[in-house]
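**Student:** Data: structure.cif, mmCIF, C-alpha atoms (C1' of nucleotides).
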data_data
loop_
_atom_site.label_atom_id
_atom_site.label_comp_id
_atom_site.auth_asym_id
_atom_site.auth_seq_id
_atom_site.Cartn_x
_atom_site.Cartn_y
_atom_site.Cartn_z
CA MET A 805 53.22 -20.65 -12.33
CA MET A 806 53.71 -21.77 -15.92
CA ALA A 807 50.93 -20.49 -18.15
CA ASP A 808 48.33 -23.18 -18.81
CA SER A 809 49.61 -25.31 -15.98
CA LEU A 810 47.31 -25.59 -13.00
CA THR A 811 47.71 -27.44 -9.73
CA ILE A 812 44.81 -29.56 -8.56
CA GLY A 813 43.94 -26.79 -6.12
CA ASP A 814 43.77 -24.21 -8.93
CA LEU A 815 41.54 -26.50 -10.95
CA GLY A 816 39.28 -26.97 -7.94
CA ARG A 817 38.98 -23.23 -7.42
CA LYS A 818 38.23 -22.63 -11.11
CA THR A 819 35.44 -25.19 -11.20
CA GLY A 820 34.06 -25.04 -7.67
CA CYS A 821 35.06 -28.64 -7.08
CA LYS A 822 36.82 -30.11 -4.07
CA VAL A 823 40.28 -31.49 -4.57
CA GLN A 824 39.30 -34.94 -3.31
CA THR A 825 36.41 -34.98 -5.72
CA ILE A 826 38.74 -34.31 -8.65
CA ARG A 827 40.97 -37.19 -7.57
CA TYR A 828 37.85 -39.32 -7.18
CA TYR A 829 36.74 -38.49 -10.74
CA GLU A 830 40.18 -39.48 -11.98
CA GLN A 831 40.02 -42.71 -10.03
CA ILE A 832 36.71 -43.72 -11.60
CA GLY A 833 37.95 -42.72 -15.05
CA LEU A 834 35.74 -39.68 -15.55
CA MET A 835 38.73 -37.34 -15.68
CA PRO A 836 41.87 -38.34 -17.61
CA GLU A 837 45.15 -38.76 -15.79
CA PRO A 838 46.98 -35.44 -16.05
CA SER A 839 50.72 -35.00 -16.43
CA ARG A 840 52.85 -34.91 -13.29
CA THR A 841 55.75 -32.83 -12.08
CA SER A 842 59.04 -34.53 -11.27
CA GLY A 843 57.76 -34.48 -7.69
CA ASN A 844 54.63 -36.43 -8.69
CA GLN A 845 52.13 -33.60 -8.42
CA ARG A 846 49.29 -33.29 -10.91
CA ARG A 847 49.37 -30.45 -13.45
CA TYR A 848 46.30 -29.58 -15.49
CA ASP A 849 45.70 -27.71 -18.74
CA PRO A 850 42.61 -25.87 -20.10
CA THR A 851 41.08 -29.02 -21.59
CA HIS A 852 40.85 -30.40 -18.06
CA VAL A 853 39.12 -27.24 -16.85
CA GLU A 854 36.56 -27.58 -19.62
CA ARG A 855 35.88 -31.24 -18.95
CA LEU A 856 35.53 -30.79 -15.20
CA ALA A 857 33.25 -27.78 -15.72
CA PHE A 858 31.07 -29.97 -17.91
CA ILE A 859 30.93 -32.66 -15.24
CA ARG A 860 30.15 -30.25 -12.41
CA HIS A 861 27.52 -28.39 -14.34
CA SER A 862 25.85 -31.64 -15.36
CA ARG A 863 25.91 -32.78 -11.73
CA GLU A 864 24.28 -29.52 -10.67
CA LEU A 865 21.55 -30.20 -13.20
CA GLY A 866 21.00 -33.55 -11.50
CA PHE A 867 22.62 -35.93 -13.98
CA SER A 868 24.11 -39.07 -12.48
CA LEU A 869 27.74 -39.90 -13.06
CA VAL A 870 26.65 -42.77 -15.29
CA ALA A 871 24.66 -40.37 -17.47
CA ILE A 872 27.53 -37.90 -17.52
CA ARG A 873 29.88 -40.62 -18.66
CA GLN A 874 27.52 -41.33 -21.57
CA LEU A 875 27.27 -37.65 -22.42
CA LEU A 876 31.06 -37.34 -22.41
CA ASN A 877 31.42 -40.40 -24.61
CA VAL A 878 29.03 -39.16 -27.27
CA SER A 879 30.31 -35.60 -27.11
CA ASP A 880 33.80 -36.89 -27.91
CA ASP A 881 32.60 -37.72 -31.43
CA PRO A 882 31.43 -34.54 -33.21
CA GLU A 883 30.14 -36.45 -36.24
CA ARG A 884 27.81 -38.59 -34.24
CA SER A 885 24.06 -37.95 -34.13
CA CYS A 886 22.94 -36.24 -30.95
CA GLU A 887 19.92 -38.46 -30.53
CA THR A 888 21.48 -40.10 -27.49
CA VAL A 889 22.20 -36.78 -25.86
CA ASP A 890 18.65 -35.65 -26.44
CA LEU A 891 17.34 -38.90 -24.97
CA ILE A 892 19.45 -38.60 -21.84
CA ALA A 893 18.33 -35.00 -21.36
CA ARG A 894 14.67 -35.96 -21.81
CA ASP A 895 15.04 -38.80 -19.33
CA GLN A 896 16.56 -36.42 -16.87
CA LEU A 897 13.72 -33.95 -17.38
CA GLN A 898 11.17 -36.67 -16.66
CA GLU A 899 13.00 -37.65 -13.51
CA VAL A 900 13.14 -34.02 -12.37
CA ASP A 901 9.40 -33.73 -12.98
CA ARG A 902 8.71 -36.84 -10.93
CA ARG A 903 10.76 -35.48 -8.06
CA ILE A 904 9.03 -32.12 -8.14
CA LYS A 905 5.63 -33.81 -7.97
CA SER A 906 6.64 -35.98 -5.07
CA LEU A 907 8.19 -33.05 -3.21
CA ASN A 908 5.07 -30.95 -3.74
CA ALA A 909 3.00 -33.72 -2.17
CA MET A 910 5.38 -33.80 0.79
CA LYS A 911 5.21 -30.05 1.08
CA SER A 912 1.44 -29.88 1.36
CA GLU A 913 1.40 -32.72 3.82
CA LEU A 914 4.05 -31.11 6.00
CA GLU A 915 2.28 -27.76 5.87
CA ARG A 916 -1.00 -29.35 6.86
CA MET A 917 0.63 -31.21 9.70
CA ILE A 918 2.30 -28.11 11.04
CA ARG A 919 -0.86 -26.02 10.68
CA GLN A 920 -2.87 -28.53 12.64
CA CYS A 921 -0.48 -28.83 15.56
CA ARG A 922 -2.48 -27.04 18.28
CA GLY A 923 -1.80 -28.99 21.44
CA ASP A 924 1.40 -28.44 23.33
CA LYS A 925 1.69 -31.98 24.66
CA ILE A 926 2.90 -34.90 22.56
CA ALA A 927 -0.32 -36.70 23.46
CA GLU A 928 -2.37 -34.35 21.29
CA CYS A 929 0.26 -33.58 18.65
CA ARG A 930 -1.19 -33.92 15.17
CA ILE A 931 2.23 -34.23 13.58
CA ILE A 932 2.99 -37.43 15.42
CA GLU A 933 -0.53 -38.62 14.69
CA VAL A 934 -0.27 -38.02 10.97
CA LEU A 935 3.14 -39.59 10.80
CA SER A 936 1.80 -42.64 12.61
CA ASP A 937 -1.14 -43.18 10.35
CA HIS A 938 -0.89 -42.77 6.64
CA SER A 939 -4.67 -42.84 6.30
CA LEU A 940 -4.81 -39.42 7.94
CA CYS A 941 -2.93 -38.11 4.92
CA LEU A 942 -4.59 -36.07 2.24
CA THR A 943 -2.14 -37.21 -0.37
CA ASN A 944 -1.01 -40.71 -1.15
CA ASP A 945 1.42 -39.55 -3.78
CA HIS A 946 4.43 -39.85 -1.54
CA THR A 947 4.44 -43.60 -1.84
CA GLY A 948 6.68 -43.28 -4.88
CA PRO A 949 10.42 -43.78 -4.97
CA ALA A 950 11.78 -42.50 -1.69
CA VAL A 951 13.93 -39.41 -1.80
CA ARG A 952 17.51 -40.22 -1.02
CA ASN A 953 19.06 -37.86 1.48
CA MET B 1357 -0.74 -68.43 12.68
CA MET B 1358 -1.22 -67.22 16.26
CA ALA B 1359 -3.28 -64.04 16.35
CA ASP B 1360 -1.13 -60.93 16.78
CA SER B 1361 2.00 -62.82 15.85
CA LEU B 1362 3.56 -61.84 12.56
CA THR B 1363 6.60 -63.14 10.75
CA ILE B 1364 9.06 -60.59 9.39
CA GLY B 1365 7.58 -61.20 5.96
CA ASP B 1366 4.06 -60.43 7.21
CA LEU B 1367 5.30 -57.23 8.80
CA GLY B 1368 6.99 -56.25 5.58
CA ARG B 1369 3.84 -56.83 3.58
CA LYS B 1370 1.72 -54.83 6.06
CA THR B 1371 4.02 -51.82 5.95
CA GLY B 1372 5.39 -51.95 2.43
CA CYS B 1373 8.89 -52.45 3.74
CA LYS B 1374 11.48 -54.95 2.58
CA VAL B 1375 12.51 -57.67 4.98
CA GLN B 1376 16.19 -56.68 4.87
CA THR B 1377 15.23 -53.11 5.66
CA ILE B 1378 13.36 -54.23 8.79
CA ARG B 1379 16.40 -56.16 9.96
CA TYR B 1380 18.52 -53.11 9.17
CA TYR B 1381 16.28 -50.89 11.30
CA GLU B 1382 16.60 -53.37 14.14
CA GLN B 1383 20.37 -53.41 13.74
CA ILE B 1384 20.65 -49.63 14.03
CA GLY B 1385 18.25 -49.60 16.99
CA LEU B 1386 15.31 -47.94 15.27
CA MET B 1387 13.12 -51.00 15.71
CA PRO B 1388 13.16 -52.93 19.00
CA GLU B 1389 14.31 -56.54 19.05
CA PRO B 1390 11.18 -58.68 18.73
CA SER B 1391 10.57 -62.03 20.42
CA ARG B 1392 11.82 -65.16 18.70
CA THR B 1393 10.43 -68.63 18.10
CA SER B 1394 12.31 -71.63 19.46
CA GLY B 1395 13.80 -71.86 15.97
CA ASN B 1396 15.16 -68.28 16.24
CA GLN B 1397 12.71 -66.62 13.87
CA ARG B 1398 11.38 -63.15 14.65
CA ARG B 1399 7.73 -62.72 15.67
CA TYR B 1400 6.10 -59.29 15.71
CA ASP B 1401 3.03 -57.81 17.41
CA PRO B 1402 0.82 -54.79 16.51
CA THR B 1403 3.06 -52.29 18.31
CA HIS B 1404 5.80 -53.19 15.86
CA VAL B 1405 3.48 -52.63 12.93
CA GLU B 1406 2.63 -49.18 14.26
CA ARG B 1407 6.23 -48.19 14.84
CA LEU B 1408 7.41 -49.39 11.46
CA ALA B 1409 4.49 -47.64 9.75
CA PHE B 1410 5.55 -44.43 11.48
CA ILE B 1411 9.12 -44.87 10.28
CA ARG B 1412 8.15 -45.67 6.69
CA HIS B 1413 5.66 -42.84 6.46
CA SER B 1414 8.18 -40.39 7.83
CA ARG B 1415 10.75 -41.63 5.33
CA GLU B 1416 8.24 -41.13 2.52
CA LEU B 1417 7.83 -37.55 3.70
CA GLY B 1418 11.57 -37.14 3.40
CA PHE B 1419 12.67 -37.25 7.04
CA SER B 1420 16.15 -38.63 7.63
CA LEU B 1421 16.63 -41.57 9.96
CA VAL B 1422 18.30 -39.22 12.44
CA ALA B 1423 15.20 -36.99 12.45
CA ILE B 1424 12.94 -40.02 12.75
CA ARG B 1425 14.91 -41.25 15.73
CA GLN B 1426 14.34 -37.87 17.41
CA LEU B 1427 10.64 -37.96 16.56
CA LEU B 1428 10.34 -41.45 18.02
CA ASN B 1429 12.17 -40.41 21.18
CA VAL B 1430 9.96 -37.42 21.87
CA SER B 1431 6.80 -39.26 20.91
CA ASP B 1432 7.55 -41.85 23.57
CA ASP B 1433 6.79 -39.27 26.26
CA PRO B 1434 3.16 -38.09 25.92
CA GLU B 1435 3.55 -35.40 28.59
CA ARG B 1436 6.39 -33.70 26.83
CA SER B 1437 5.93 -30.46 24.89
CA CYS B 1438 5.78 -31.00 21.16
CA GLU B 1439 7.99 -28.02 20.38
CA THR B 1440 10.78 -30.30 19.18
CA VAL B 1441 8.45 -32.18 16.86
CA ASP B 1442 7.20 -28.93 15.40
CA LEU B 1443 10.77 -27.75 14.89
CA ILE B 1444 11.82 -30.92 13.11
CA ALA B 1445 8.78 -30.74 10.84
CA ARG B 1446 9.45 -27.07 10.01
CA ASP B 1447 13.07 -27.86 9.22
CA GLN B 1448 11.94 -30.62 6.92
CA LEU B 1449 9.50 -28.27 5.21
CA GLN B 1450 12.27 -25.75 4.59
CA GLU B 1451 14.46 -28.44 3.13
CA VAL B 1452 11.66 -29.63 0.86
CA ASP B 1453 11.13 -26.05 -0.29
CA ARG B 1454 14.82 -25.64 -1.11
CA ARG B 1455 14.78 -28.82 -3.15
CA ILE B 1456 11.67 -27.82 -5.08
CA LYS B 1457 13.25 -24.49 -5.98
CA SER B 1458 16.43 -26.12 -7.17
CA LEU B 1459 14.55 -28.75 -9.16
CA ASN B 1460 12.43 -26.08 -10.83
CA ALA B 1461 15.61 -24.31 -11.93
CA MET B 1462 16.90 -27.58 -13.37
CA LYS B 1463 13.61 -28.17 -15.10
CA SER B 1464 13.58 -24.88 -16.98
CA GLU B 1465 17.19 -25.29 -17.90
CA LEU B 1466 16.65 -28.80 -19.24
CA GLU B 1467 13.55 -27.72 -21.14
CA ARG B 1468 15.41 -24.85 -22.71
CA MET B 1469 18.31 -27.10 -23.65
CA ILE B 1470 16.04 -29.67 -25.27
CA ARG B 1471 14.02 -27.00 -27.09
CA GLN B 1472 17.15 -25.49 -28.58
CA CYS B 1473 18.63 -28.74 -29.85
CA ARG B 1474 18.14 -28.41 -33.60
CA GLY B 1475 21.27 -29.87 -35.12
CA ASP B 1476 21.55 -33.59 -35.64
CA LYS B 1477 25.34 -33.75 -35.21
CA ILE B 1478 27.08 -33.53 -31.86
CA ALA B 1479 29.15 -30.66 -33.23
CA GLU B 1480 26.12 -28.37 -33.25
CA CYS B 1481 24.29 -29.85 -30.26
CA ARG B 1482 23.15 -27.12 -27.90
CA ILE B 1483 22.73 -29.51 -25.00
CA ILE B 1484 26.41 -30.40 -24.95
CA GLU B 1485 27.22 -26.73 -25.39
CA VAL B 1486 25.09 -25.60 -22.46
CA LEU B 1487 26.40 -28.36 -20.25
CA SER B 1488 29.95 -27.34 -21.10
CA ASP B 1489 29.51 -23.70 -20.29
CA HIS B 1490 27.57 -22.55 -17.31
CA SER B 1491 27.51 -18.99 -18.61
CA LEU B 1492 25.05 -20.09 -21.32
CA CYS B 1493 22.60 -20.84 -18.52
CA LEU B 1494 19.62 -18.65 -17.80
CA THR B 1495 19.54 -19.65 -14.16
CA ASN B 1496 22.41 -19.79 -11.73
CA ASP B 1497 20.26 -21.21 -8.97
CA HIS B 1498 21.54 -24.72 -9.40
CA THR B 1499 24.81 -23.87 -7.75
CA GLY B 1500 23.30 -24.76 -4.39
CA PRO B 1501 23.80 -28.02 -2.52
CA ALA B 1502 23.90 -30.72 -5.17
CA VAL B 1503 20.99 -33.08 -5.34
CA ARG B 1504 21.94 -36.51 -4.17
CA ASN B 1505 20.78 -39.29 -6.49
"C1'" DG C 1321 8.78 -87.51 5.58
"C1'" DT C 1322 10.01 -84.51 2.33
"C1'" DA C 1323 9.84 -80.49 -0.44
"C1'" DC C 1324 10.17 -75.72 -0.67
"C1'" DG C 1325 9.44 -71.12 0.49
"C1'" DA C 1326 10.57 -68.19 4.15
"C1'" DC C 1327 13.59 -67.44 7.47
"C1'" DC C 1328 18.54 -66.86 9.67
"C1'" DT C 1329 23.47 -64.47 9.94
"C1'" DA C 1330 27.22 -62.18 8.06
"C1'" DC C 1331 29.22 -59.61 4.86
"C1'" DA C 1332 29.90 -57.04 0.47
"C1'" DG C 1333 28.17 -53.58 -2.62
"C1'" DT C 1334 25.64 -49.19 -4.12
"C1'" DA C 1335 26.15 -43.61 -5.23
"C1'" DA C 1336 28.87 -39.88 -4.83
"C1'" DC C 1337 31.48 -38.23 -2.39
"C1'" DT C 1338 34.06 -36.66 2.33
"C1'" DA C 1339 37.42 -37.19 5.85
"C1'" DT C 1340 41.51 -38.87 8.00
"C1'" DA C 1341 46.35 -40.37 8.68
"C1'" DG C 1342 50.85 -40.11 7.63
"C1'" DG C 1343 54.05 -38.62 4.60
"C1'" DT C 1344 56.28 -35.46 0.47
"C1'" DT C 1345 56.85 -31.26 -2.48
"C1'" DC C 1346 56.83 -26.53 -3.74
"C1'" DA C 1347 57.66 -21.72 -3.34
"C1'" DA C 1348 58.49 -17.81 -0.62
"C1'" DG C 1349 61.08 -15.44 3.05
"C1'" DG C 1350 65.30 -14.96 5.67
"C1'" DC D 570 71.18 -22.09 0.95
"C1'" DC D 571 67.87 -23.31 4.27
"C1'" DT D 572 63.75 -23.44 6.52
"C1'" DT D 573 58.85 -23.15 7.05
"C1'" DG D 574 54.21 -24.01 6.05
"C1'" DA D 575 50.65 -24.58 2.83
"C1'" DA D 576 49.44 -27.58 -0.59
"C1'" DC D 577 50.22 -31.72 -2.42
"C1'" DC D 578 50.53 -37.19 -2.39
"C1'" DT D 579 48.47 -42.19 -1.44
"C1'" DA D 580 45.62 -45.26 0.88
"C1'" DT D 581 41.90 -46.28 3.47
"C1'" DA D 582 37.69 -45.71 6.14
"C1'" DG D 583 33.33 -43.43 6.80
"C1'" DT D 584 28.83 -41.37 5.26
"C1'" DT D 585 23.33 -42.46 4.27
"C1'" DA D 586 19.95 -45.68 3.68
"C1'" DC D 587 19.57 -49.30 2.19
"C1'" DT D 588 20.07 -53.76 -1.28
"C1'" DG D 589 22.07 -58.06 -2.60
"C1'" DT D 590 24.46 -62.44 -1.94
"C1'" DA D 591 26.06 -66.84 0.02
"C1'" DG D 592 25.38 -70.54 2.68
"C1'" DG D 593 22.69 -72.56 5.90
"C1'" DT D 594 18.13 -73.52 8.99
"C1'" DC D 595 13.03 -73.55 9.96
"C1'" DG D 596 8.13 -74.21 9.36
"C1'" DT D 597 4.35 -76.11 7.22
"C1'" DA D 598 1.56 -78.20 3.68
"C1'" DC D 599 1.04 -82.36 1.28
#
Could you write out this file's structure as C-alpha cells?
**Tutor:**
Amino acid sequence: MMADSLTIGDLGRKTGCKVQTIRYYEQIGLMPEPSRTSGNQRRYDPTHVERLAFIRHSRELGFSLVAIRQLLNVSDDPERSCETVDLIARDQLQEVDRRIKSLNAMKSELERMIRQCRGDKIAECRIIEVLSDHSLCLTNDHTGPAVRN
Amino acid sequence: MMADSLTIGDLGRKTGCKVQTIRYYEQIGLMPEPSRTSGNQRRYDPTHVERLAFIRHSRELGFSLVAIRQLLNVSDDPERSCETVDLIARDQLQEVDRRIKSLNAMKSELERMIRQCRGDKIAECRIIEVLSDHSLCLTNDHTGPAVRN
DNA sequence: GTACGACCTACAGTAACTATAGGTTCAAGG
DNA sequence: CCTTGAACCTATAGTTACTGTAGGTCGTAC
C-alpha cells in the first residue's frame, strides 16, 4: 500500500518470478535481505525490482547463477573495467553456440529417424533400430556434453 | 576373462558410460540386475551392452529417462505397433526445435550486447545495461521456459 | 603372498528450483 | 471490532540425472 513498498508477491508479479524463487535467491545470497514489517513479512523497494529483473533476464539468456553472481559483483563497482563482464558474455555466447550445434545434430537425426519409420510393428521400426545402434547414425556430433533436461 | 563376461568397468568402456551411472541405472530399474561372481562383483553379457548403448544413445539425442523407459518398454514387444515410439520421437523433435529457437534468440542478443560494449568502465557498459533492462532487448523470445543448465 | 587397481555399498552433493506442511499476518467486508 | 480468506512465513523434502566420497573387499599379476 505504501508507495515504493512491495510485498514479495508484488515483486514476483513485476518480474515474472515465483515467490519461492525469490526466497531461494535471498537464501543463497543473490538477493539482499529486505526490510520486514512488524509481522515479519518482507517489503521490497525499487532497487530490489531492478536487481531481480537483472537476475531473471540473465537467467533467460542462459547465464548460470554463478555467472550472474559475478556479473552482479562487478556491476556494483562502476569504476571497474568491464573486461570481466565482456569475458563472461563471450563465454556464454560460446556455450550457446555449442548447444545450438549439438541440438541441430539431434534435430537432423530425429527427423531422419521419423522419416524412415515405415513399418507399423516394433520389429521393423527404424527409430528403435537407430537408437540401438549409434553406427546407423549420420551424425556423431551428439557425443558431446549431454543436454541436461 | 571368460568370453561374453564383462566387468562393470568393461561395460562402461564399451558404451562410454561411467561406472556409477551404470549402477544408478540399475538402481532405478532401467538396467536389469546382472549376475554376480562369488565375490559379489557384477558380470555383464552382450544383451546388457546393447541395452546400455540404447540408453546412452537416446540420452545423447536428448530423450529423458522417462521417455527412454517408455521406449524400452514398447521395444520389448516386437509385435506391438510402433505408434508410441513415433509419438515420443516427434515430441522430442518438437522440444529440440523449441530449444534451438530459444538459443538462437539468446545468441543474437548476446552478440548484440558484446558488439555494443565500447566503454571500458562498468558505468558505461552496455552489457550490464541490457541485462538490467529487458526493454533494451531486440527479442522477447527468451521469455519461454528457461533453459536448464 | 602381496600389492594394487577395480570393484562393492551407502550416502551426500550438484543446479536451480518447486512443492508441501503447518502455521501467522494483513486488509477488506460486515 | 471481528471475522474471513488470501497471501505471507519457515522448514524441509522432492525433482532430474547424475557425480563424488568414504570405507571396505575382490581379483589378478608378479
**Student:** Residues near DG589 of chain D, anyone? I mean within 12 Å using only C-alpha atoms (C1' of nucleotides), not counting same-chain ones fewer than 6 positions away, as a PDB file with C-alpha atoms (C1' of nucleotides), in the frame of the given file.
**Tutor:**
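What ended up in around-v8.pdb:
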ATOM      1  CA  GLN B1376      16.190 -56.680   4.870  1.00  0.00           C
ATOM      2  CA  THR B1377      15.230 -53.110   5.660  1.00  0.00           C
TER       3      THR B1377
ATOM      4  C1'  DC C1331      29.220 -59.610   4.860  1.00  0.00           C
ATOM      5  C1'  DA C1332      29.900 -57.040   0.470  1.00  0.00           C
ATOM      6  C1'  DG C1333      28.170 -53.580  -2.620  1.00  0.00           C
ATOM      7  C1'  DT C1334      25.640 -49.190  -4.120  1.00  0.00           C
TER       8       DT C1334
END
**Student:** Decode the PyMOL selection byres ((chain C) within 9 of (chain B)) for the given file into explicit residues and return them as a list in words.
**Tutor:**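 This file gives the following for the PyMOL selection byres ((chain C) within 9 of (chain B)): DA1326, DC1327, DC1328, DA1335 and DA1336 of chain C.
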**Student:** Would you export the selected residues with C-alpha atoms (C1' of nucleotides) as a compact mmCIF listing (two decimals), keeping the file's coordinate frame, please?
**Tutor:**
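This went into result-v8.txt:
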# COMPACT_ATOMS: atom_id res chain seq x y z
C1' DA C 1326 10.57 -68.19 4.15
C1' DC C 1327 13.59 -67.44 7.47
C1' DC C 1328 18.54 -66.86 9.67
C1' DA C 1335 26.15 -43.61 -5.23
C1' DA C 1336 28.87 -39.88 -4.83
**Student:** How would you write as a list in words the residues that get within 9 Å of (7.6, -34.2, 2.9) in the file's frame, counting only C-alpha atoms (C1' of nucleotides)?
**Tutor:**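 Protein and nucleic acid residues near the point are Ser906, Leu907, Asn908, Ala909, Met910, Lys911, Ser912, Glu913, Leu914, Glu915 and His946 of chain A; Ser1414, Arg1415, Glu1416, Leu1417, Gly1418, Phe1419, Ala1445, Gln1448, Leu1449, Glu1451 and Val1452 of chain B.
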**Student:** Return the neighbours of chain B among the residues of chain D, cut-off 9 Å, counting only C-alpha atoms (C1' of nucleotides), as a ChimeraX atom specification.
**Tutor:** /D:585-588,594-595
**Student:** Would you superpose chain B on chain A, least squares on all C-alpha atoms in order, and hand back the fitted chain as a compact mmCIF listing (two decimals) with C-alpha atoms, in the frame of the given file?
**Tutor:**
# COMPACT_ATOMS: atom_id res chain seq x y z
CA MET B 1357 53.38 -20.57 -12.37
CA MET B 1358 53.79 -21.72 -15.98
CA ALA B 1359 50.94 -20.43 -18.14
CA ASP B 1360 48.30 -23.09 -18.78
CA SER B 1361 49.61 -25.25 -15.98
CA LEU B 1362 47.33 -25.57 -12.99
CA THR B 1363 47.74 -27.42 -9.73
CA ILE B 1364 44.85 -29.57 -8.55
CA GLY B 1365 43.97 -26.81 -6.11
CA ASP B 1366 43.81 -24.23 -8.92
CA LEU B 1367 41.57 -26.52 -10.93
CA GLY B 1368 39.32 -26.99 -7.94
CA ARG B 1369 39.01 -23.26 -7.40
CA LYS B 1370 38.25 -22.64 -11.09
CA THR B 1371 35.46 -25.21 -11.19
CA GLY B 1372 34.10 -25.08 -7.67
CA CYS B 1373 35.09 -28.67 -7.08
CA LYS B 1374 36.86 -30.14 -4.08
CA VAL B 1375 40.34 -31.52 -4.59
CA GLN B 1376 39.38 -34.99 -3.33
CA THR B 1377 36.48 -35.04 -5.75
CA ILE B 1378 38.81 -34.35 -8.68
CA ARG B 1379 41.05 -37.22 -7.63
CA TYR B 1380 37.94 -39.37 -7.25
CA TYR B 1381 36.83 -38.54 -10.80
CA GLU B 1382 40.27 -39.48 -12.05
CA GLN B 1383 40.13 -42.75 -10.12
CA ILE B 1384 36.82 -43.77 -11.69
CA GLY B 1385 38.04 -42.73 -15.15
CA LEU B 1386 35.82 -39.69 -15.60
CA MET B 1387 38.79 -37.34 -15.71
CA PRO B 1388 41.92 -38.30 -17.66
CA GLU B 1389 45.22 -38.73 -15.84
CA PRO B 1390 47.03 -35.40 -16.07
CA SER B 1391 50.79 -34.91 -16.44
CA ARG B 1392 52.90 -34.84 -13.30
CA THR B 1393 55.80 -32.75 -12.07
CA SER B 1394 59.09 -34.45 -11.25
CA GLY B 1395 57.83 -34.43 -7.66
CA ASN B 1396 54.69 -36.39 -8.68
CA GLN B 1397 52.19 -33.55 -8.40
CA ARG B 1398 49.38 -33.24 -10.92
CA ARG B 1399 49.43 -30.40 -13.46
CA TYR B 1400 46.34 -29.53 -15.49
CA ASP B 1401 45.72 -27.65 -18.74
CA PRO B 1402 42.60 -25.82 -20.09
CA THR B 1403 41.08 -28.98 -21.58
CA HIS B 1404 40.86 -30.37 -18.07
CA VAL B 1405 39.13 -27.24 -16.85
CA GLU B 1406 36.56 -27.58 -19.62
CA ARG B 1407 35.90 -31.24 -18.97
CA LEU B 1408 35.56 -30.81 -15.23
CA ALA B 1409 33.26 -27.81 -15.72
CA PHE B 1410 31.07 -29.99 -17.92
CA ILE B 1411 30.96 -32.70 -15.27
CA ARG B 1412 30.18 -30.31 -12.42
CA HIS B 1413 27.52 -28.45 -14.35
CA SER B 1414 25.87 -31.69 -15.36
CA ARG B 1415 25.93 -32.85 -11.75
CA GLU B 1416 24.31 -29.58 -10.68
CA LEU B 1417 21.56 -30.28 -13.19
CA GLY B 1418 21.05 -33.63 -11.53
CA PHE B 1419 22.67 -36.00 -14.03
CA SER B 1420 24.16 -39.15 -12.52
CA LEU B 1421 27.80 -39.96 -13.11
CA VAL B 1422 26.71 -42.84 -15.35
CA ALA B 1423 24.70 -40.41 -17.51
CA ILE B 1424 27.58 -37.95 -17.55
CA ARG B 1425 29.94 -40.67 -18.71
CA GLN B 1426 27.58 -41.38 -21.62
CA LEU B 1427 27.32 -37.68 -22.44
CA LEU B 1428 31.10 -37.36 -22.43
CA ASN B 1429 31.48 -40.41 -24.66
CA VAL B 1430 29.06 -39.19 -27.30
CA SER B 1431 30.34 -35.63 -27.14
CA ASP B 1432 33.81 -36.88 -28.02
CA ASP B 1433 32.60 -37.67 -31.54
CA PRO B 1434 31.40 -34.45 -33.24
CA GLU B 1435 30.08 -36.29 -36.30
CA ARG B 1436 27.78 -38.49 -34.31
CA SER B 1437 24.03 -37.90 -34.14
CA CYS B 1438 22.95 -36.24 -30.93
CA GLU B 1439 19.91 -38.46 -30.50
CA THR B 1440 21.47 -40.14 -27.47
CA VAL B 1441 22.21 -36.81 -25.82
CA ASP B 1442 18.65 -35.68 -26.39
CA LEU B 1443 17.35 -38.93 -24.92
CA ILE B 1444 19.48 -38.65 -21.80
CA ALA B 1445 18.37 -35.06 -21.28
CA ARG B 1446 14.69 -35.99 -21.72
CA ASP B 1447 15.06 -38.83 -19.24
CA GLN B 1448 16.61 -36.45 -16.77
CA LEU B 1449 13.76 -33.99 -17.29
CA GLN B 1450 11.21 -36.70 -16.58
CA GLU B 1451 13.03 -37.66 -13.43
CA VAL B 1452 13.16 -34.05 -12.28
CA ASP B 1453 9.43 -33.75 -12.92
CA ARG B 1454 8.70 -36.86 -10.86
CA ARG B 1455 10.73 -35.49 -7.98
CA ILE B 1456 9.02 -32.10 -8.08
CA LYS B 1457 5.62 -33.77 -7.95
CA SER B 1458 6.59 -35.92 -5.01
CA LEU B 1459 8.15 -32.99 -3.15
CA ASN B 1460 5.03 -30.89 -3.69
CA ALA B 1461 2.95 -33.67 -2.13
CA MET B 1462 5.31 -33.72 0.85
CA LYS B 1463 5.13 -29.97 1.12
CA SER B 1464 1.35 -29.79 1.39
CA GLU B 1465 1.33 -32.65 3.82
CA LEU B 1466 3.95 -31.03 6.04
CA GLU B 1467 2.18 -27.68 5.89
CA ARG B 1468 -1.09 -29.27 6.87
CA MET B 1469 0.55 -31.15 9.72
CA ILE B 1470 2.21 -28.02 11.08
CA ARG B 1471 -0.97 -25.96 10.71
CA GLN B 1472 -2.98 -28.49 12.67
CA CYS B 1473 -0.57 -28.78 15.58
CA ARG B 1474 -2.44 -26.96 18.34
CA GLY B 1475 -1.77 -28.97 21.46
CA ASP B 1476 1.39 -28.38 23.43
CA LYS B 1477 1.70 -31.95 24.73
CA ILE B 1478 2.91 -34.85 22.62
CA ALA B 1479 -0.28 -36.70 23.52
CA GLU B 1480 -2.36 -34.34 21.38
CA CYS B 1481 0.25 -33.57 18.72
CA ARG B 1482 -1.23 -33.91 15.26
CA ILE B 1483 2.15 -34.23 13.61
CA ILE B 1484 2.97 -37.43 15.45
CA GLU B 1485 -0.55 -38.63 14.75
CA VAL B 1486 -0.33 -38.02 11.01
CA LEU B 1487 3.09 -39.57 10.80
CA SER B 1488 1.80 -42.65 12.60
CA ASP B 1489 -1.16 -43.19 10.36
CA HIS B 1490 -0.95 -42.77 6.65
CA SER B 1491 -4.72 -42.84 6.33
CA LEU B 1492 -4.86 -39.38 7.95
CA CYS B 1493 -2.99 -38.09 4.90
CA LEU B 1494 -4.67 -36.04 2.22
CA THR B 1495 -2.23 -37.19 -0.42
CA ASN B 1496 -1.09 -40.70 -1.17
CA ASP B 1497 1.36 -39.56 -3.80
CA HIS B 1498 4.36 -39.94 -1.56
CA THR B 1499 4.28 -43.69 -1.87
CA GLY B 1500 6.50 -43.45 -4.93
CA PRO B 1501 10.24 -44.05 -5.01
CA ALA B 1502 11.58 -42.66 -1.76
CA VAL B 1503 13.66 -39.54 -1.94
CA ARG B 1504 17.26 -40.26 -1.19
CA ASN B 1505 18.81 -37.83 1.30
